[in-house]
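Chemist: Okay, handing you the structure first.
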There are 2 protein chains.
Amino acid sequence: MAKYVYLFKEGNASMKNLLGGKGANLAEMSTLGLPVPQGFTVTTEACTRYYEDGERIAPEIEAEIYQMLAKTEEVNGKKFGDLSDPFLVSVRSGARASMPGMMDTILNLGLNDTAVQGLAKLTGNERFAYDSYRRFIQMFSDVVMEIDKPKFEAILDEVKEENGAKFDTDLTAENLKEVVTKYKALYLKEKGSEFPQDPKVQLLESIKAVFRSWNNERAIYYRRMNDIPSSWGTAVNVQAMVFGNMGNDSGTGVAFTRNPATGEDKLYGEYLINAQGEDVVAGIRTPKPISVLEQDMPEVYAQFVKTADILEKHYRDMQDMEFTIERGKLYMLQTRNGKRTAAAALKIAVDLVDEGMLTTDEAVLKVEPRQLDALLHPQFDADKLKKAVPVATGLPASPGAATGQIYFTAPEAVLQAKSGKKVLLVRLETSPEDIEGMANAQGILTARGGMTSHAAVVARGMGTCAVVGCGALTINEAAQTLTIGGKSYKAGDWFSIDGSTGKVYDSAIDTVDADVSGDFARLMGWADAARKLKVRTNADTPNDAAVAVRFGAEGIGLCRTEHMFFEADRIAAVREMIISSTLEQRKSALAKLLPMQRGDFEGIYEAMEGRPVTIRFLDPPLHEFLPTIDDETAISGVARELGVSVADVKAKIESLHEFNPMLGHRGCRLAVSFPEIAEMQTRAVIEAAINVSKSKGYTIVPEIMIPLVSDIKEFAFVKKVVDDTAKAVMQEKGATLEYHVGTMIEVPRAALTADKIASQAEFFSFGTNDLTQTTFAFSRDDAGKFLEEYYSKKVFEQDPFARVDQEGVGQLMEIAAQKGRSVRPNIKLGICGEHGGDPSSVVFCHKLGLDYVSCSPFRVPIARLAAAQAAIRTREA
Amino acid sequence: MAKYVYLFKEGNASMKNLLGGKGANLAEMSTLGLPVPQGFTVTTEACTRYYEDGERIAPEIEAEIYQMLAKTEEVNGKKFGDLSDPFLVSVRSGARASMPGMMDTILNLGLNDTAVQGLAKLTGNERFAYDSYRRFIQMFSDVVMEIDKPKFEAILDEVKEENGAKFDTDLTAENLKEVVTKYKALYLKEKGSEFPQDPKVQLLESIKAVFRSWNNERAIYYRRMNDIPSSWGTAVNVQAMVFGNMGNDSGTGVAFTRNPATGEDKLYGEYLINAQGEDVVAGIRTPKPISVLEQDMPEVYAQFVKTADILEKHYRDMQDMEFTIERGKLYMLQTRNGKRTAAAALKIAVDLVDEGMLTTDEAVLKVEPRQLDALLHPQFDADKLKKAVPVATGLPASPGAATGQIYFTAPEAVLQAKSGKKVLLVRLETSPEDIEGMANAQGILTARGGMTSHAAVVARGMGTCAVVGCGALTINEAAQTLTIGGKSYKAGDWFSIDGSTGKVYDSAIDTVDADVSGDFARLMGWADAARKLKVRTNADTPNDAAVAVRFGAEGIGLCRTEHMFFEADRIAAVREMIISSTLEQRKSALAKLLPMQRGDFEGIYEAMEGRPVTIRFLDPPLHEFLPTIDDETAISGVARELGVSVADVKAKIESLHEFNPMLGHRGCRLAVSFPEIAEMQTRAVIEAAINVSKSKGYTIVPEIMIPLVSDIKEFAFVKKVVDDTAKAVMQEKGATLEYHVGTMIEVPRAALTADKIASQAEFFSFGTNDLTQTTFAFSRDDAGKFLEEYYSKKVFEQDPFARVDQEGVGQLMEIAAQKGRSVRPNIKLGICGEHGGDPSSVVFCHKLGLDYVSCSPFRVPIARLAAAQAAIRTREA
């Protein structure tokens, strides 16, 4: 028969999945002989059963709970409801992973009309006993029975007023008895039954409430944000109460074995004398630093320091501990690996290696990859930030801090940036035409759009700080002004934005740059030694490429050639090409683009110093390069620029209109329709490679990537164009050059027919953004409208655009990898969707045996660390 | 060693794949001892080799050709280039299937400067010999060497003028010698070499030309239209020449063993005395009916009748024969199963069964399913049509003939139709708002749009005749006029359109209705007995359902509830629901829709008389029910109708705008966001089923189908809404009712996770339209822009929206079927995309073991026949 309830002494730290983090550690501390109030844990499996059984606790589990309760009473030498020394417990939730947003703790459970008298007798303090009772009634009613808290507060205020009491502490035992009576009456009125006097009923209802809280909205949201599956469930810890509020020889506190902000190896924390945990939180009294305890209670302090040391050595990690002192006796209520800032995480991991406590592989596992992000971007100077007050808050779309003068159009931003100014680009929303302005700005601020809007996606790709969807902004582009809450700003005013918090400031705030040396460099070195996956970057410019190399990129996995097409000095030629009605016109426009594109590639090859570079051929639908049909000004501008009629431009825009551009005339379909584009791009790739090979002496092996292939014949068609052109270029230049031609796998059919495609394609790169869109039939641009609803209704737990959907999209990736290898055993496999920088997706890529992941430059260290952790964990398993 | 060339006497009819149809039948006729000029066939495999070898004939194949040539010379007792009796041959292509658009025949090959003298000597007719030579030079130069034909015609005209000759026949032998000289000079000028005198060179070049012609544009187009893979290749037949133009005891003709238009069992054909094949085609002389040959040459006629009888009995099918009579001797040049009209195909198949020549299964295989289409729609009265001249031609979008008075808006069309008029709806293009007008019209005529435009797709679905994209039409909707080539027409004028040819007439032409009795009914009865697949229909109205039942539908596989939403009397309630900002408002709008929707289902259940009905819940994005943002008139109409502001309507339209609506907020996503819609629809389905069960005594088991599911949790969410509602309705009505809840499989992820989905879904229906879009990442609405290019560049051979892409989409279907059955062995599987009515796709569905296919009413007989053929062929194999 399955066991659903464990005494603390029956468990240990390795049973986290079953007992939850808190329960496993309470068990472990018990085993270590540390002073832990005894109790038991109802397992996470009991939670799962609870849901399977239609949200009820099965009779056999109920029986087991009572059985363990009896044993616990025995160990503590007390009994529920006892008139002289009643057994009281706390009930706390405890999932595998720490989950803020779960149910509040319930203290003093076990109190009822008789036990309260026992407590009064035991402590000799009737006031304390009735205060505990009224607190328990309120907590239980609010947390377990969902009766509105304010109704209880109203009663308390009423009794205080009647008795002229200013503070709660002014109330006498008699007053508190009245409160208890009124609370119980309220309970009866609200629930239609008396406040439960049976401690077992109190306990069972509290356990159910913990289980229920696993599926409250905050918990669901937190799980989604933190990749925690809903199937884990939560455990429930029932523990004997100890009281820190029994006088000046009692107290309660929280401490870390090292400083969680800096990593400094020094006990860090605070405590309150004669207080319970909630008093610390309430903030009425100011806690003292933990070091002061040495004077207050030298013996207890020494015992605590020793305990902390035992725990840190035992867990081989910085610990976050809760403790209570009851009448001079120390009790440990919790220990867990402490949360810490990214900087602290690095320092602690490196220090623990130096202290001989961890191997380098273990140290690598101690740092959460996502955390690194905070270290890679400029941050506000902490001192300067303290004095600043935000004027608005938007969505934290791309991390980092930026300060600069605001400008309202991309051309203006470019102009001002080139004149040496620090610029913040402020737009209603951005579009592909704004690319150059975005690239020249310190940061981007928009009034509209979500976390997957153009501005957000592009900014993250560039590693540029961005705050988007800041609804408080009213932008008047014509007047070049910005209004926030009635206050008006003009172009050139100084603003600062924090892309990690979404905060917007109307002043300049100094920033400090990222530092990738020191602890960071040491830890990443260990990570690099451990990992198998190579890490490349998605980079479209020499500058991006250089940043990525500094962050450890080993090549470019995705160089999007269209981003070069948007730059101001070439968009005219691109538009000329699009407007062309004959092959000759198109070729002449392409001839203008050739030297620019060749120059782009030369710059990138030079920045990459011989590392591999994968260049994706033109991908987006051509209408993206033209103004929208209702933008009369832009249209007449284009017409003037190209010397054609406005009607011609409009006709072209209309002819390019598509119902579903994502599924339209783009990707390799463009190259099939206009092979001359692929010819020009091939020429640029090959000529640049030959030039830089000669001038710099690198061995450059360009990888040409054909996008949006769904069938081998499409691929073969474009590959022939590439091969013919490459051959011609080499003959012209009298040079030979190795190059590879491969494809994106971003359409389900490509994955399903990967064996055929691999017969000609030398590499596959999974374009998981588009593959996710097509596998789910979700438009990323539109999914925002219904995905929120999906999360709140528990239809989805995860954003499939943030984390690879392993079941569906991942299945296609597996099929493609297996079929591709069946035909070409050494086919190079990579991923270049945004998932390439998501740690859990990197782990999946490691399992699939991909050769590399590719991500935006600022995610390269994250991917390196995630890849190392995957490799180490696989080795360990 | 592979054999690439076969003498006729080495082959037989079963070797069609290798020898092509023509070659195999020539061989078979040889074996039967029929008079066939001897020769040999270069195989289809040689053609495949030709392409594999980079478009050249391998030396060993060339050697084999010469070897077989030598044998053929021996059999015929003649030699290439002989001065007294030169061997001359014809060269003809011959693929497995008849392929119009392949290379023209080359006659008289073997003639050169010496052989022409031999021919003159042999025939005693120098003029004939040089006329043959100049024809050969022209044919070879044009067909094989691709020299422009008009250049030769210019020379001929010049010589005629010089010699005062009016007709070719006025030219003397000397004149023709001059023509030959000039032709040869032209050849030298054009090709830079002399006209080849070596008959072997002439032969080899001609064979290569046949191989090349396999990939000309016409051939590619024809293959795509007729599901012929390019890998088949073509064979080449080289056959000794016989001459039908050697005097009045010679002749040539074509005949069918039965009438190919009506199927009547009577020899049918025509012939010309003293003529070659091309004279029949040229149409200068009028051929005589074959029966007259009995008077002209009684012995030859008797021999021919006997031969025809032998061939029909031998092939057990109506034969299409070519013959030549040379100096009183009959030669058979070709026989093949004759092409025939649909009516003839049915009559012949049924007659052959009655004559004991075929089993019923064999008869079922004799009729091409696609052909039936022509019999299922009204047609123009043939006599009346003869007098009519079309005024324009558009795309033949939906077959059948229609005549009626033209109206320019859907509401007007509805009004006039309800007053009893026959109406043709004429629109620039149609949109979902026009549905009711389309449903009430005899036919639909649009000026814009292609074969997959809204008008085309909807009209085919309705079985309503349609001509679309008729560019000659200028429509002035405001003035209610139509102009074609300067002539103006007004509302109420009579027009007729032919949806099978695209022709448009400006007068009324009587139509005759489809007849599904007689031969049709007998053959379909045999088909029904043979098939395993059930055939259902896609029908949204009682009328469609009734038509489909008449055509043999065994249930409804797809009832699209949204089509009901567009009808004039309910669109207001639908819009009210969409504009609602609160749940209460939405529920009140839905309450208005409930009785209408329930009435719809009652009508459909009654029409289906207890047959299964699958009802798909609301699928399209909601913006489809609102006007477009720039249609000010419609927007203010809606605002007035709903009593809200124009700004509110516009804001709602804007909020519903999507970048890729195909991948947007639609399908089950609507039901997740607005469960109350699914509640209303469930209520309508269940209430209607209970009502009709009671009133009519049918056992109705509704099948509720949830669209666009990508994950089990989406399905489970909606299923719970359905189950809860159904339970409530049954309790209210005090009735019980069996019903099933299943899903469309139309998103790759649904197929990939079909095992999970099958844990709750009771049936799957493959929505292959959307599945094709997502598997390829092709938007059907946009693919027209590049698919044509794909065909012409041989990237694609088939339209994946017309025929299931078995390799990709089919692979997903297999995965889904296998995974679905692994969890629910008896899961019901069907298909309801447009492919359900495509014969080759039906065969694939049979192989997959689906339970049913569902298609538009007018395709039901086609699907029945295709399903029967698949079952019979599977049994045979």
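Residues are referred to by chain and number: the chain letter is A, B, ... according to the order shown in the structure tokens, the number counts from 1 in that chain, and ligands are numbered separately from 1 in the order shown.
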Which chain B residues are at most 6 Å from chain A (counting only C-alpha atoms), as a PyMOL selection string?

Modeler: chain B and resi 658+660+663-664+710+713-714+748-749+774-779+782+795+808

Chemist: Over all C-alpha pairs taken in order, what is the RMSD once chain B has been least-squares superposed onto chain A?

Modeler: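 Result: 0.2 Å C-alpha RMSD.
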
Chemist: Leaving out region 825-840 of chain A and any residue of its chain fewer than 4 positions from it, which residues lie within 8 Å of it when counting only C-alpha atoms, given as a PyMOL selection string?

Modeler: chain A and resi 369-370+538+557-558+758+762-770+801-804+817+820-821+844-845+850-856+859-860+862-863+866-867

Chemist: Write out as a list in words the residues lying within 12 Å of Asp381 (chain A), counting only C-alpha atoms and excluding same-chain residues fewer than 4 positions away.

Modeler: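 With the cut-off at 12 Å, the set is Leu385, Lys386, Lys387, Ala388, Gly400, Ala401, Ala402, Thr403, Ser496, Asp498, Ala508, Ile509, Asp510, Thr511, Val512, Asp513 and Ala514 of chain A.
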
Chemist: Keeping only all heavy atoms, write the selected residues to a file as an mmCIF file, in the first residue's frame.

Modeler:
data_model
loop_
_atom_site.group_PDB
_atom_site.id
_atom_site.type_symbol
_atom_site.label_atom_id
_atom_site.label_comp_id
_atom_site.auth_asym_id
_atom_site.auth_seq_id
_atom_site.Cartn_x
_atom_site.Cartn_y
_atom_site.Cartn_z
ATOM 1 N N LEU A 385 20.150 55.395 -8.503
ATOM 2 C CA LEU A 385 18.783 54.925 -8.700
ATOM 3 C C LEU A 385 17.909 55.224 -7.478
ATOM 4 O O LEU A 385 16.727 55.523 -7.610
ATOM 5 C CB LEU A 385 18.784 53.420 -8.995
ATOM 6 C CG LEU A 385 17.436 52.828 -9.387
ATOM 7 C CD1 LEU A 385 16.898 53.457 -10.662
ATOM 8 C CD2 LEU A 385 17.549 51.310 -9.559
ATOM 9 N N LYS A 386 18.524 55.164 -6.300
ATOM 10 C CA LYS A 386 17.759 55.372 -5.065
ATOM 11 C C LYS A 386 17.030 56.708 -5.057
ATOM 12 O O LYS A 386 15.961 56.843 -4.492
ATOM 13 C CB LYS A 386 18.696 55.313 -3.847
ATOM 14 C CG LYS A 386 18.962 53.880 -3.394
ATOM 15 C CD LYS A 386 19.869 53.846 -2.190
ATOM 16 C CE LYS A 386 20.415 52.436 -1.972
ATOM 17 N NZ LYS A 386 21.639 52.442 -1.183
ATOM 18 N N LYS A 387 17.658 57.692 -5.686
ATOM 19 C CA LYS A 387 17.054 59.040 -5.649
ATOM 20 C C LYS A 387 15.985 59.250 -6.723
ATOM 21 O O LYS A 387 15.296 60.270 -6.733
ATOM 22 C CB LYS A 387 18.159 60.087 -5.830
ATOM 23 C CG LYS A 387 19.138 60.091 -4.672
ATOM 24 C CD LYS A 387 20.398 60.865 -5.021
ATOM 25 C CE LYS A 387 21.576 60.376 -4.220
ATOM 26 N NZ LYS A 387 22.854 60.496 -4.916
ATOM 27 N N ALA A 388 15.882 58.275 -7.667
ATOM 28 C CA ALA A 388 14.971 58.479 -8.803
ATOM 29 C C ALA A 388 13.592 57.898 -8.533
ATOM 30 O O ALA A 388 13.461 56.875 -7.864
ATOM 31 C CB ALA A 388 15.556 57.832 -10.054
ATOM 32 N N GLY A 400 18.121 45.293 -18.980
ATOM 33 C CA GLY A 400 19.183 46.280 -18.998
ATOM 34 C C GLY A 400 18.624 47.650 -18.646
ATOM 35 O O GLY A 400 17.419 47.818 -18.538
ATOM 36 N N ALA A 401 19.534 48.602 -18.450
ATOM 37 C CA ALA A 401 19.127 49.961 -18.125
ATOM 38 C C ALA A 401 19.704 50.887 -19.184
ATOM 39 O O ALA A 401 20.777 50.630 -19.726
ATOM 40 C CB ALA A 401 19.652 50.345 -16.752
ATOM 41 N N ALA A 402 18.957 51.940 -19.497
ATOM 42 C CA ALA A 402 19.452 52.868 -20.507
ATOM 43 C C ALA A 402 19.050 54.283 -20.137
ATOM 44 O O ALA A 402 17.984 54.507 -19.562
ATOM 45 C CB ALA A 402 18.888 52.513 -21.876
ATOM 46 N N THR A 403 19.890 55.215 -20.480
ATOM 47 C CA THR A 403 19.576 56.612 -20.247
ATOM 48 C C THR A 403 19.938 57.368 -21.522
ATOM 49 O O THR A 403 20.891 56.998 -22.226
ATOM 50 C CB THR A 403 20.339 57.109 -18.992
ATOM 51 O OG1 THR A 403 19.750 58.315 -18.543
ATOM 52 C CG2 THR A 403 21.814 57.317 -19.254
ATOM 53 N N SER A 496 15.272 57.872 -18.559
ATOM 54 C CA SER A 496 15.960 56.614 -18.297
ATOM 55 C C SER A 496 14.909 55.519 -18.230
ATOM 56 O O SER A 496 13.792 55.760 -17.770
ATOM 57 C CB SER A 496 16.724 56.679 -16.975
ATOM 58 O OG SER A 496 17.709 57.691 -17.048
ATOM 59 N N ASP A 498 14.271 51.154 -17.449
ATOM 60 C CA ASP A 498 14.830 49.908 -16.925
ATOM 61 C C ASP A 498 14.072 48.744 -17.561
ATOM 62 O O ASP A 498 12.913 48.487 -17.229
ATOM 63 C CB ASP A 498 14.685 49.878 -15.403
ATOM 64 C CG ASP A 498 15.415 48.677 -14.797
ATOM 65 O OD1 ASP A 498 15.566 47.665 -15.507
ATOM 66 O OD2 ASP A 498 15.841 48.767 -13.627
ATOM 67 N N ALA A 508 18.142 61.713 -16.309
ATOM 68 C CA ALA A 508 19.289 60.863 -16.642
ATOM 69 C C ALA A 508 19.743 60.141 -15.378
ATOM 70 O O ALA A 508 19.795 60.736 -14.302
ATOM 71 C CB ALA A 508 20.424 61.708 -17.190
ATOM 72 N N ILE A 509 20.013 58.858 -15.466
ATOM 73 C CA ILE A 509 20.551 58.099 -14.332
ATOM 74 C C ILE A 509 21.787 57.361 -14.846
ATOM 75 O O ILE A 509 21.706 56.677 -15.884
ATOM 76 C CB ILE A 509 19.531 57.068 -13.797
ATOM 77 C CG1 ILE A 509 18.181 57.751 -13.485
ATOM 78 C CG2 ILE A 509 20.077 56.367 -12.556
ATOM 79 C CD1 ILE A 509 17.078 56.781 -13.069
ATOM 80 N N ASP A 510 22.888 57.485 -14.119
ATOM 81 C CA ASP A 510 24.112 56.837 -14.586
ATOM 82 C C ASP A 510 23.953 55.323 -14.631
ATOM 83 O O ASP A 510 23.276 54.733 -13.789
ATOM 84 C CB ASP A 510 25.293 57.180 -13.654
ATOM 85 C CG ASP A 510 25.697 58.637 -13.806
ATOM 86 O OD1 ASP A 510 25.184 59.286 -14.743
ATOM 87 O OD2 ASP A 510 26.503 59.111 -12.977
ATOM 88 N N THR A 511 24.588 54.689 -15.609
ATOM 89 C CA THR A 511 24.557 53.226 -15.697
ATOM 90 C C THR A 511 25.974 52.676 -15.540
ATOM 91 O O THR A 511 26.957 53.383 -15.751
ATOM 92 C CB THR A 511 24.009 52.764 -17.061
ATOM 93 O OG1 THR A 511 24.848 53.297 -18.092
ATOM 94 C CG2 THR A 511 22.585 53.240 -17.277
ATOM 95 N N VAL A 512 26.045 51.421 -15.115
ATOM 96 C CA VAL A 512 27.354 50.738 -15.049
ATOM 97 C C VAL A 512 27.325 49.541 -15.984
ATOM 98 O O VAL A 512 26.297 48.872 -16.108
ATOM 99 C CB VAL A 512 27.691 50.295 -13.605
ATOM 100 C CG1 VAL A 512 27.998 51.505 -12.742
ATOM 101 C CG2 VAL A 512 26.549 49.497 -13.000
ATOM 102 N N ASP A 513 28.445 49.298 -16.616
ATOM 103 C CA ASP A 513 28.487 48.249 -17.642
ATOM 104 C C ASP A 513 28.585 46.852 -17.050
ATOM 105 O O ASP A 513 28.957 46.662 -15.904
ATOM 106 C CB ASP A 513 29.695 48.480 -18.555
ATOM 107 C CG ASP A 513 29.253 49.180 -19.836
ATOM 108 O OD1 ASP A 513 28.032 49.357 -20.007
ATOM 109 O OD2 ASP A 513 30.134 49.557 -20.634
ATOM 110 N N ALA A 514 28.246 45.882 -17.881
ATOM 111 C CA ALA A 514 28.371 44.489 -17.491
ATOM 112 C C ALA A 514 29.848 44.126 -17.361
ATOM 113 O O ALA A 514 30.692 44.651 -18.079
ATOM 114 C CB ALA A 514 27.721 43.607 -18.555
#

Chemist: I'd like the contact shell of Met246 (chain A) - 9 Å cut-off, only C-alpha atoms, skipping same-chain residues fewer than 5 positions apart - returned as a list in words.

Modeler: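 Neighbouring residues, sequence-local ones excluded: Thr123, Phe128, Gly251, Asn274, Ala275, Glu326 and Arg327 of chain A.
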
Chemist: Just to be explicit: take each residue in the selection above, keep C-alpha atoms, and write the result as a short mmCIF file (atom, residue, chain, number, x, y, z; two decimals), in the first residue's frame.

Modeler:
data_model
loop_
_atom_site.label_atom_id
_atom_site.label_comp_id
_atom_site.auth_asym_id
_atom_site.auth_seq_id
_atom_site.Cartn_x
_atom_site.Cartn_y
_atom_site.Cartn_z
CA THR A 123 1.83 29.90 29.93
CA PHE A 128 -1.58 35.48 25.23
CA GLY A 251 12.38 35.31 19.76
CA ASN A 274 9.58 38.16 22.00
CA ALA A 275 7.88 37.87 18.66
CA GLU A 326 11.25 29.52 22.91
CA ARG A 327 12.24 30.29 26.45
#

Chemist: Could you check the closest approach to Phe87 (chain A) for each of A:Glu732, A:Glu73, A:Glu797, A:Glu567 and tell me which residue wins, using only C-alpha atoms?

Modeler: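 Closest residue, counting only C-alpha atoms: A:Glu73.
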
Chemist: What does the distance from CA of Ile571 (chain A) to CA of Val649 (chain A) come to in Å, to one decimal?

Modeler: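 Distance reported for this atom pair: 14.5 Å.
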
Chemist: Looking at only C-alpha atoms, which of A:Pro411, A:Pro390, A:Gly277, A:Gly469 is the one that sits closest to Ser507 (chain A)?

Modeler: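 Between A:Pro411, A:Pro390, A:Gly277, A:Gly469, the residue approaching Ser507 (chain A) most closely is A:Pro390.
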
Chemist: Name the residues of region 302-518 of chain A that fall into alpha helix (DSSP H) according to DSSP on the backbone, using the chain letters and numbers of this document, as number ranges by chain.

Modeler: A: 302-315, 342-354, 360-365, 369-376, 382-386, 410-418, 435-440, 454-462, 518

Chemist: For Pro620 (chain B), list every protein, DNA or RNA residue within 8 Å, evaluated using only C-alpha atoms, and leave out those in the same chain fewer than 4 positions away; present the list as a list in words.

Modeler: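 With the cut-off at 8 Å, the set is Glu562, Glu624, Arg666 and Gly667 of chain B.
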
Chemist: Can you list every residue in region 691-768 of chain B that DSSP puts in strand (DSSP E or B), as a PyMOL selection string?

Modeler: chain B and resi 703-706+740-745+763-766

Chemist: Please produce a file of those selected residues containing N, CA and C atoms, as an mmCIF file, in the first residue's frame.

Modeler:
data_model
loop_
_atom_site.group_PDB
_atom_site.id
_atom_site.type_symbol
_atom_site.label_atom_id
_atom_site.label_comp_id
_atom_site.auth_asym_id
_atom_site.auth_seq_id
_atom_site.Cartn_x
_atom_site.Cartn_y
_atom_site.Cartn_z
ATOM 1 N N GLU B 703 -23.055 13.886 -33.351
ATOM 2 C CA GLU B 703 -21.599 13.887 -33.181
ATOM 3 C C GLU B 703 -21.151 15.339 -33.143
ATOM 4 N N ILE B 704 -20.638 15.758 -32.000
ATOM 5 C CA ILE B 704 -20.212 17.149 -31.846
ATOM 6 C C ILE B 704 -18.710 17.213 -32.094
ATOM 7 N N MET B 705 -18.321 18.081 -33.003
ATOM 8 C CA MET B 705 -16.918 18.110 -33.417
ATOM 9 C C MET B 705 -16.279 19.447 -33.028
ATOM 10 N N ILE B 706 -15.178 19.347 -32.288
ATOM 11 C CA ILE B 706 -14.471 20.535 -31.809
ATOM 12 C C ILE B 706 -13.343 20.843 -32.797
ATOM 13 N N HIS B 740 -21.806 11.838 -29.243
ATOM 14 C CA HIS B 740 -20.360 11.658 -29.218
ATOM 15 C C HIS B 740 -19.673 12.998 -29.367
ATOM 16 N N VAL B 741 -18.527 13.123 -28.737
ATOM 17 C CA VAL B 741 -17.737 14.349 -28.888
ATOM 18 C C VAL B 741 -16.379 13.950 -29.471
ATOM 19 N N GLY B 742 -16.039 14.570 -30.573
ATOM 20 C CA GLY B 742 -14.772 14.254 -31.229
ATOM 21 C C GLY B 742 -14.106 15.526 -31.706
ATOM 22 N N THR B 743 -13.075 15.386 -32.490
ATOM 23 C CA THR B 743 -12.326 16.567 -32.899
ATOM 24 C C THR B 743 -11.900 16.498 -34.350
ATOM 25 N N MET B 744 -11.666 17.658 -34.915
ATOM 26 C CA MET B 744 -10.978 17.750 -36.185
ATOM 27 C C MET B 744 -9.496 17.478 -35.903
ATOM 28 N N ILE B 745 -8.843 16.812 -36.841
ATOM 29 C CA ILE B 745 -7.379 16.746 -36.806
ATOM 30 C C ILE B 745 -6.950 17.620 -37.979
ATOM 31 N N PHE B 763 -14.081 10.498 -31.768
ATOM 32 C CA PHE B 763 -13.817 10.347 -33.206
ATOM 33 C C PHE B 763 -12.864 11.444 -33.661
ATOM 34 N N PHE B 764 -12.186 11.154 -34.765
ATOM 35 C CA PHE B 764 -11.315 12.146 -35.418
ATOM 36 C C PHE B 764 -11.872 12.393 -36.818
ATOM 37 N N SER B 765 -11.850 13.634 -37.238
ATOM 38 C CA SER B 765 -12.142 13.904 -38.637
ATOM 39 C C SER B 765 -10.989 14.750 -39.177
ATOM 40 N N PHE B 766 -10.339 14.246 -40.197
ATOM 41 C CA PHE B 766 -9.191 14.974 -40.738
ATOM 42 C C PHE B 766 -9.665 16.186 -41.527
#

Chemist: Closest to Leu375 (chain B) among B:Gly338, B:Pro861, B:Gly39, B:Pro702, using only C-alpha atoms?

Modeler: B:Pro861

Chemist: Between CA of Ala374 (chain B) and CA of Pro432 (chain B), what distance in Å does the model show, to one decimal?

Modeler: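 According to the coordinates, CA of Ala374 (chain B) and CA of Pro432 (chain B) are separated by 27.3 Å.
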
Chemist: Determine, counting only C-alpha atoms, which protein, DNA and RNA residues have an atom within 9 Å of an atom of Glu679 (chain B); residues of the same chain fewer than 4 positions away are not included. Present the result as JSON, numbers by chain.

Modeler: {"B": [671, 675, 683, 684, 721, 722, 724, 725, 726]}
